There are 4 protein chains.
Amino acid sequence: MNLASDNVVGMSRPVLEALIAANGGGEPAYGTDSWTVRAERMLADVFEHEVSVFLVATGTAANALALAALSPPWGAVFCHQESHVMEDECGAPEMFSDGAKLIGVPGVGGKFTPADLEARMAGYVRGVVKSVQPSALSVSQVTEAGTLYSLDEIRALSALARSKGLGVHLDGARFANAMVALGCTAAEMTWKSGIDVVSFGATKNGALACEAVIFFDKARAENFQYRRKRSGHTLSKGRLLGAQMVGYLENGHWIDNARHANAAAARLSAGLAALPGVRLPWPTQANEIFVVVPEKTAAAFAAEGIRAAPWASDCLPEGFEIGADERFLRFVTSFATQASEIDAVLAVAAR
Amino acid sequence: MNLASDNVVGMSRPVLEALIAANGGGEPAYGTDSWTVRAERMLADVFEHEVSVFLVATGTAANALALAALSPPWGAVFCHQESHVMEDECGAPEMFSDGAKLIGVPGVGGKFTPADLEARMAGYVRGVVKSVQPSALSVSQVTEAGTLYSLDEIRALSALARSKGLGVHLDGARFANAMVALGCTAAEMTWKSGIDVVSFGATKNGALACEAVIFFDKARAENFQYRRKRSGHTLSKGRLLGAQMVGYLENGHWIDNARHANAAAARLSAGLAALPGVRLPWPTQANEIFVVVPEKTAAAFAAEGIRAAPWASDCLPEGFEIGADERFLRFVTSFATQASEIDAVLAVAAR
Amino acid sequence: MNLASDNVVGMSRPVLEALIAANGGGEPAYGTDSWTVRAERMLADVFEHEVSVFLVATGTAANALALAALSPPWGAVFCHQESHVMEDECGAPEMFSDGAKLIGVPGVGGKFTPADLEARMAGYVRGVVKSVQPSALSVSQVTEAGTLYSLDEIRALSALARSKGLGVHLDGARFANAMVALGCTAAEMTWKSGIDVVSFGATKNGALACEAVIFFDKARAENFQYRRKRSGHTLSKGRLLGAQMVGYLENGHWIDNARHANAAAARLSAGLAALPGVRLPWPTQANEIFVVVPEKTAAAFAAEGIRAAPWASDCLPEGFEIGADERFLRFVTSFATQASEIDAVLAVAAR
Amino acid sequence: MNLASDNVVGMSRPVLEALIAANGGGEPAYGTDSWTVRAERMLADVFEHEVSVFLVATGTAANALALAALSPPWGAVFCHQESHVMEDECGAPEMFSDGAKLIGVPGVGGKFTPADLEARMAGYVRGVVKSVQPSALSVSQVTEAGTLYSLDEIRALSALARSKGLGVHLDGARFANAMVALGCTAAEMTWKSGIDVVSFGATKNGALACEAVIFFDKARAENFQYRRKRSGHTLSKGRLLGAQMVGYLENGHWIDNARHANAAAARLSAGLAALPGVRLPWPTQANEIFVVVPEKTAAAFAAEGIRAAPWASDCLPEGFEIGADERFLRFVTSFATQASEIDAVLAVAAR
């Protein structure tokens with residue numbers, strides 16, 4: 001049983017069915033197929049706004065392309081110091097932006113405040129030639145620590161960023177899980193809260209390889225098609241992406257999937273937290289559970305074939321220490337997680 | 001009826017079935033899934049050699065990554081002046097190689113000779129600091145003009161390149177079509193002929209989005225995993241690629257597909273060539289037909305909904321002129337082309 | 001005696017004296033010193049226009065920075081196929097532009113016509129995503145073959161380029177030699193003829209290491225200071241550049257230098273052309289003489305310690321062949337060339 | 001009186017004289033002139049080792065080129081979080097390395113320990129594909145805070161770095177000031193202490209624009225000439241750099257200059273520290289004084305035309321706070337600083 005990530009399962013049934021439906025017949029190439037066009041229209045509806053949509057196959061591509069659209073090579077991109085774009089993409093944002101600098105903002109539990117951001121921005125003064133120039137803010141929602149920003153928190157960050165002339169990116173690799181947890185709309189979590197560009201992830205929540213980069217202002221997307229093409233992310237048989245996105249969005253399937261995953265996470269989190277010797281550094285807010293367990297519990301998981309991801313963080317709450325006989329783990333649930341899996345994890349942990 | 005390209009159709013039945021089979025159950029992420037591992041083993045068998053395999057979703061990614069592995073930023077990559085890497089990837093090789101220079105070699109019908117190559121290389125002297133440094137040769141097989149190099153011709157080019165210290169890349173976007181047409185093995189067309197790295201295309205011949213970069217020398221592939229990751233081409237749910245490749249290769253399916261496409265092209269080519277006023281600038285050797293037709297024939301195609309790609313080339317045979325009342329077209333057949341489609345094109349052309 | 005290039009001599013006396021004068025006393029750093037400010041004002045006077053000026057130490061930096069300001073990474077820069085930016089800068093334009101593509105335009109004697117340019121541009125269609133996007137034209141004046149464009153010719157090229165949305169760069173490594181030869185003003189050869197950005201060279205004509213990138217529209221220069229800084233071309237003790245430029249421009253010194261060099265070249269060219277067996281592929285128009293001599297004459301030069309640069313070109317006039325017993329040489333005169341040197345070359349050649 | 005930096009003065013007399021001496025006569029271009037060759041030999045003597053030397057005009061170029069030689073685009077370069085390469089070069093290391101990631105290591109007073117480095121390196125695991133790969137360590141000596149590493153400290157850092165497979169760079173923008181302060185040899189401070197590549201600065205200590213990148217292992221320098229050329233840092237009239245370096249090194253001039261500057265700094269530092277209300281966050285060890293003064297003292301400096309650089313740091317000693325009525329300043333002395341200037345500063349401060 002692999003709960004180390006939400007990318008260890010395939011696609012959900014409706015996504016697969018859309019892909020099968022899309023397979024027959026001729027379609028024009030390079031993202032002009034009818035499925036992609038339909039997906040674009042559906043995303044405009046989801047976001048209640050005109051959008052420029054670019055489908056790609058990976059979250060790394062979505063993020064790196066989006067940040068490159070917001071920052072010149074001499075730009076500074078502010079992001080959490082443990083965010084995915086900072087630590088987990090082997091320098092993709094630097095490659096796609098031709099060398100922009102990602103500036104890590106510290107903050108407990110994967111989040112930072114306007115004050116944290118402002119303090120970090122102080123070192124990068126516009127017009128001072130020796131300094132990379134403040135260009136973009138990237139906010140992760142769900143964060144890399146599985147936590148959430150409230151809409152007010154997003155608005156406060158984006159307002160500060162915009163007041164300083166920065167474009168604002170939202171890394172929504174787990175967009176649906178966040179939206180469902182907040183009980184808000186896609187519009188509220190993005191353009192209504194000051195977001196300029198979204199990496200809208202579908203892969204972790206039901207698709208196989210499908211993410212959308214979404215702009216709310218066409219001007220910002222002006223040259224994006226060339227960026228995508230020259231980075232090799234324009235699929236010739238674009239229906240692969242278009243069909244996945246259609247299947248993902250249709251009939252609220254993506255929302256159902258996220259609700260399922262979040263509920264499973266909530267149950268697992270609550271069950272674990274109730275056990276003696278088990279501690280959570282921060283609450284479970286979407287579909288990821290970060291938990292400190294006794295070493296012997298971790299060993300029992302391993303012995304029973306229960307896979308969680310070993311974790312580490314420099315952003316633990318003050319005073320929260322991990323003992324030498326403890327292990328820090330991440331569990332992630334998905335649309336495919338079964339109740340029996342949660343039961344099994346809790347049973348092993350309770351022993 | 002769209003015969004403008006071989007990327008206007010979906011995936012073939014066996015590829016789709018492999019994808020469906022691969023969808024269930026847990027698999028580790030980022031290209032370590034069982035389907036990718038199996039695809040790698042199958043490719044080793046196909047090429048009768050130990051290989052380092054990297055699956056990606058697009059031909060542009062495969063080519064650009066492969067060339068970046070062969071050329072430093074200050075390198076020169078020699079390729080046909082109308083090749084796909086030169087003209088059709090929006091500068092992807094330049095992006096991935098951080099600025100290497102593609103040097104176009106002229107030659108009729110998409111091909112060049114060792115003498116052509118040597119003449120072009122004369123301007124780039126090793127050790128002369130003002131000059132980009134000769135680093136790689138990229139050979140397209142099938143060429144951008146639909147023609148083929150014989151094995152002897154490939155060997156002569158790669159021998160010259162290797163004698164000058166260049167690595168040799170084969171752009172095999174239509175690898176199977178070429179191999180079947182030559183009646184040779186994959187090994188003969190590659191490492192036995194001096195090829196170091198192959199872009200092994202599956203997308204145009206039955207897959208939906210799957211290409212393999214294949215190295216025959218592990219040392220050349222040493223850092224390739226980082227190149228792929230930071231360019232956003234490492235899929236989290238790698239089974240998408242692994243399953244396609246397994247379905248493509250299994251039971252010789254890829255060869256059947258290529259034979260089908262080539263046969264359809266041969267019939268269409270012969271049928272067109274027999275018509276008065278229709279001329280071929282060079283023979284049809286794989287699954288692409290380049291043909292000059294009277295303007296009224298082109299208009300008839302359009303009127304009947306038959307789509308071919310309007311073409312242009314600076315590499316026509318000497319003395320071969322295209323009149324003002326003529327049109328230069330490319331037809332491409334695929335695994336999915338039906339006999340009735342060929343009949344229909346020929347019927348319209350014969351009118 | 002070294003006549004292989006105009007970069008084999010030091011700086012002229014007035015430039016050296018300006019440098020000595022500038023050496024004492026405190027000056028603010030990074031290009032805000034009084035000498036640089038004065039140089040900027042003098043250049044505005046020279047060009048009879050408001051200018052944004054950026055001094056750098058090398059022509060390669062000037063050209064590469066200027067082209068990067070005109071072309072995005074997915075851009076196409078049109079230039080002569082044997083131009084300095086194309087062939088002699090080890091890929092600097094590609095590095096500074098993060099991968100833009102230089103498209104070589106053919107043309108006899110280092111020049112091309114609007115028709116040549118238009119033919120080459122035909123392959124790069126705006127909005128076609130697979131194609132790099134037409135972004136800039138780079139015109140060399142003096143050309144790499146030592147020839148000149150007339151003002152009318154420059155205007156015709158820039159008019160075509162501008163009508164297609166391209167920015168226009170003038171590589172003026174030998175700006176003064178060209179201007180003096182044409183008998184025009186700096187304004188006439190640049191913004192009055194449709195030039196947007198100039199690499200204004202001083203190094204070859206009297207300075208030691210000083211070139212200016214000059215924009216006539218401040219908007220185009222908006223981020224140039226960051227480009228210069230991050231490429232390491234912002235000198236901390238900027239007076240080195242400012243003082244050279246002041247010494248170079250003051251009292252028309254730069255014009256005197258160019259007149260001297262051009263006159264020496266004219267005399268050498270006429271003298272050589274009058275000799276039996278000596279041929280010029282194109283006329284000498286500035287300070288470079290391209291000449292084909294019998295092998296034994298070349299040997300005599302070498303024996304007498306007269307250094308010229310061995311040359312090669314794919315752009316010789318039609319029918320102009322170089323025999324196996326001939327040698328193609330380039331002589332370059334400078335502000336420092338002495339009459340006795342010309343005499344000596346002619347004497348050896350006449351033997 | 002400008003004591004804000006050591007780059008506000010011109011070149012010292014012997015450097016100027018060397019430049020004048022070098023100006024006459026012909027010299028081959030692009031760094032093959034006799035002055036550069038002589039400088040290279042002198043540097044080999046200074047370092048008591050075979051060296052590969054590359055002269056450039058700026059420290060930014062030297063650092064960025066050196067780091068690019070040590071790190072691939074997917075590499076991690078560890079350096080102090082407030083180092084010059086990290087904060088003051090507008091992203092030049094990122095540009096030259098095509099996107100490598102600089103990882104800031106914290107540490108009081110511009111320095112960090114092996115333990116600090118090891119803690120930071122823990123997040124970047126070799127072979128983990130999502131992570132940039134540990135490639136280089138950059139040590140500043142003098143540090144950005146004006147402090148010094150002892151030879152033992154350098155050796156401990158480089159030993160750790162080398163044990164992890166990293167190349168080690170020393171940013172010696174103030175190399176001479178450090179060497180003189182430590183009372184060691186150039187060899188002891190570099191290759192004998194595990195340094196692979198040095199940015200050997202001359203500009204701040206007597207030259208006008210001259211730095212050397214020095215490799216002790218030719219293999220590491222293999223392609224450096226192409227890196228330098230394509231970044232526009234190969235001067236055509238290379239004597240400008242060669243002559244400066246010869247004048248700088250000859251007769252121990254560089255050492256005299258550094259002794260002078262350090263002595264002036266020591267006197268200024270001691271004088272300031274003795275005043276009530278004046279505090280130094282860390283000792284003055286070379287030619288830079290970092291000092292916290294009452295606001296009214298700072299105002300008095302300004303009123304008297306004494307320029308110091310306003311400073312800020314996140315690396316103050318624990319418990320060292322700067323009050324709202326205090327100002328943090330940097331004074332820098334140079335070879336040209338006069339005793340009367342120190343007197344004047346102290347007199348104003350004492351009022």
# chains A, B, ... in the order shown; residues from 1 in each chain; ligands from 1

$ interface_residues --of "chain A" --to "chain C" --cutoff "7 Å" --atoms "only C-alpha atoms" --output "list in words"
Trp74, Asp98, Val129, Lys130, Gln225, Tyr226 and Lys229 of chain A

$ residues_around --residues "Ala115 of chain D" --least-positions-apart "4" --cutoff "12 Å" --atoms "only C-alpha atoms" --output "list of chain:residue names"
D:Val105, D:Pro106, D:Gly107, D:Lys111, D:Ala119, D:Arg120, D:Met121, D:Ala122, D:Glu153, D:Ala156, D:Leu157, D:Leu160, D:Ala161

$ residues_around --residues "segment 249-251 of chain B" --least-positions-apart "3" --cutoff "9 Å" --atoms "only C-alpha atoms" --output "ChimeraX atom specification"
/B:14-15,39,42-43,46,244-246,254-255

$ write_last_selection --atoms "N, CA and C atoms" --output "mmCIF file, in the first residue's frame"
data_model
loop_
_atom_site.group_PDB
_atom_site.id
_atom_site.type_symbol
_atom_site.label_atom_id
_atom_site.label_comp_id
_atom_site.auth_asym_id
_atom_site.auth_seq_id
_atom_site.Cartn_x
_atom_site.Cartn_y
_atom_site.Cartn_z
ATOM 1 N N PRO B 14 -3.652 -1.494 -30.033
ATOM 2 C CA PRO B 14 -2.789 -2.148 -29.020
ATOM 3 C C PRO B 14 -2.157 -1.150 -28.050
ATOM 4 N N VAL B 15 -1.862 0.052 -28.509
ATOM 5 C CA VAL B 15 -1.288 1.044 -27.607
ATOM 6 C C VAL B 15 -2.341 1.459 -26.582
ATOM 7 N N ALA B 39 9.438 -1.418 -20.794
ATOM 8 C CA ALA B 39 9.704 -0.777 -22.089
ATOM 9 C C ALA B 39 11.206 -0.663 -22.329
ATOM 10 N N MET B 42 12.496 -3.976 -23.397
ATOM 11 C CA MET B 42 12.090 -4.283 -24.772
ATOM 12 C C MET B 42 12.930 -3.507 -25.779
ATOM 13 N N LEU B 43 13.248 -2.269 -25.440
ATOM 14 C CA LEU B 43 14.072 -1.482 -26.368
ATOM 15 C C LEU B 43 15.489 -2.034 -26.449
ATOM 16 N N VAL B 46 15.091 -4.761 -28.875
ATOM 17 C CA VAL B 46 14.912 -4.237 -30.227
ATOM 18 C C VAL B 46 16.252 -3.800 -30.815
ATOM 19 N N GLN B 244 2.545 3.045 -23.237
ATOM 20 C CA GLN B 244 2.474 3.275 -24.683
ATOM 21 C C GLN B 244 3.600 2.542 -25.412
ATOM 22 N N MET B 245 4.799 2.651 -24.855
ATOM 23 C CA MET B 245 5.938 2.038 -25.541
ATOM 24 C C MET B 245 5.813 0.517 -25.552
ATOM 25 N N VAL B 246 5.333 -0.058 -24.454
ATOM 26 C CA VAL B 246 5.139 -1.510 -24.419
ATOM 27 C C VAL B 246 4.117 -1.921 -25.474
ATOM 28 N N TRP B 254 4.661 -2.204 -33.937
ATOM 29 C CA TRP B 254 5.225 -0.988 -34.550
ATOM 30 C C TRP B 254 5.662 -1.225 -35.988
ATOM 31 N N ILE B 255 6.136 -2.460 -36.240
ATOM 32 C CA ILE B 255 6.586 -2.781 -37.598
ATOM 33 C C ILE B 255 5.387 -2.943 -38.523
#

$ select_by_dssp --residues "segment 110-171 of chain A" --states "strand (DSSP E)" --output "list in words"
Gln133, Pro134, Ser135, Ala136, Leu137, Ser138, Val139, Ser140, Gly167, Val168, His169, Leu170 and Asp171 of chain A

$ residues_around --residues "Ser138 of chain C" --least-positions-apart "5" --cutoff "9 Å" --atoms "only C-alpha atoms" --output "ChimeraX atom specification"
/C:67,77-80,85,167-171

$ select_by_dssp --residues "segment 178-343 of chain C" --states "helix (DSSP H, G or I)" --output "MDAnalysis selection string"
chainID C and resid 178:182 186:189 191:193 203:205 218:221 224:230 239:273 295:303 339:343

$ residues_around --residues "Asp314 of chain D" --least-positions-apart "3" --cutoff "10 Å" --atoms "only C-alpha atoms" --output "list in words"
Gly123 of chain A; Gln81, Glu82, Pro106, Gly107, Val108, Gly109, Gly110 and Pro317 of chain D

$ residues_around --residues "Ala221 of chain D" --least-positions-apart "3" --cutoff "10 Å" --atoms "only C-alpha atoms" --output "VMD selection string"
chain D and resid 51 to 54 66 69 to 70 197 213 to 218 224 to 225 227

$ atom_distance --atom1 "atom CA of Tyr149 of chain D" --atom2 "atom CA of Leu182 of chain D"
8.9 Å

$ residues_around --residues "Ala266 of chain D" --least-positions-apart "5" --cutoff "8 Å" --atoms "only C-alpha atoms" --output "NGL selection string"
:D and (284-287)

$ write_last_selection --atoms "C-alpha atoms" --output "PDB file, in the first residue's frame"
ATOM      1  CA  THR D 284      38.206  44.713  11.245  1.00  0.00           C
ATOM      2  CA  GLN D 285      40.516  42.211   9.648  1.00  0.00           C
ATOM      3  CA  ALA D 286      41.436  43.611   6.262  1.00  0.00           C
ATOM      4  CA  ASN D 287      40.546  46.929   4.614  1.00  0.00           C
TER       5      ASN D 287
END
